[in-house]
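Visitor: Let me give you the structure first, and then I'll get to my questions.
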Amino acid sequence: MARTRRPLIAGNWKMNGLKADALTLAKGVADGAKATSNCDLLVCPPATLVMAVAEAVKGSNVLVGGQDCHPKANGAHTGDIAAEMLRDAGAAYVIVGHSERRTDHGETDAIVRAKAEAAWRAGLIPIVCIGETLAEREAGSTFSVLARQIKGSIPPAATAARLVVAYEPVWAIGTGKTPTTAEVAAAHVHIRKELGGAMSEASAVRLLYGGSVKGSNAAELLAAGDVDGALVGGASLKADEFLAIAKAV
Ligand code: PGA
């Protein structure tokens, strides 16, 4: 069946990268991206490198994103970054509500929603992350957790063109463990159904899977029902590995 939603392969570099290595990585991805026309490619470097990476991939089909933004456009918020600043630096996307932000910085669904709205205000597309912990999965509450996160984190004014949702089971992030393709597909079908209760264009929203995606398991995970791409952490730090995931689309 032909895909109706253009796949997106997004790299989340997290707190990794100094300028020299990051630019080599960005250029490697941009070079390899010439052979990748069947999906959108996005790299999300640390904030200090957004501008330099945007410059390095200019003219290629690689897009750049931030990893987080503050809900406000400016003001007395020491150490924070506004969506407008990311946009100004060359970003087109921003990840919001990553589980590491939710855990390390106590971000609630309401905060995540405010950040998604801030992204829109600045003209960025938010990638809103949701996902259950291992304890929640073992307690059988995966679907209710996802429903709660969708209700709380996705702003009511969402449209398909300006929203990406990433399903990232917390227990699969950086662990080498992944859900089965049946579990991924079930979660994605559930997420799309819940999105349908919140917005009219749910069938056109891109749903990414994230958590220990690498070159060798990408084809299988990307073929799971209702998966429109991947949010990649560790494997996005090597151009070859990241491009192998894109090729698996
Ligand atoms: P991982 O991270 O690919 O290293 O598991 C994914 C993510 O946190 O987005």
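A note on labels: chains of the structure tokens are A, B, ... as shown, every chain counts residues from 1, and ligands are counted from 1 in their shown order.
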Do a neighbour search on Glu84 in chain A at 10 Å with only C-alpha atoms, toss out local chain neighbours closer than 5 positions, and write the hits as a PyMOL selection string.

Guide: chain A and resi 69-70+72-74+89-91+118-124

Visitor: Give the strand (DSSP E) residues of range 15-236 of chain A, as assigned by DSSP on the backbone, as a PyMOL selection string.

Guide: chain A and resi 40-44+62-66+93-96+125-130+164-167+206-210+229-232

Visitor: Hey, which residues sit close to ligand 1? Say within 9 Å, counting only C-alpha atoms and all ligand atoms, and write them as a PyMOL selection string.

Guide: chain A and resi 10-14+98-100+129+166+168+170-178+209-214+230-236

Visitor: Can you list, as a ChimeraX atom specification, every protein, DNA or RNA residue that comes within 10 Å of Ile111 in chain A when you count only C-alpha atoms, leaving out same-chain residues fewer than 2 positions away?

Guide: /A:70-71,96-97,102,106-109,113-117,152-153

Visitor: State, in Å with one decimal place, the distance from CA of Ala224 in chain A to CA of Glu201 in chain A.

Guide: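 One can read the CA of Ala224 in chain A to CA of Glu201 in chain A distance as 21.0 Å.
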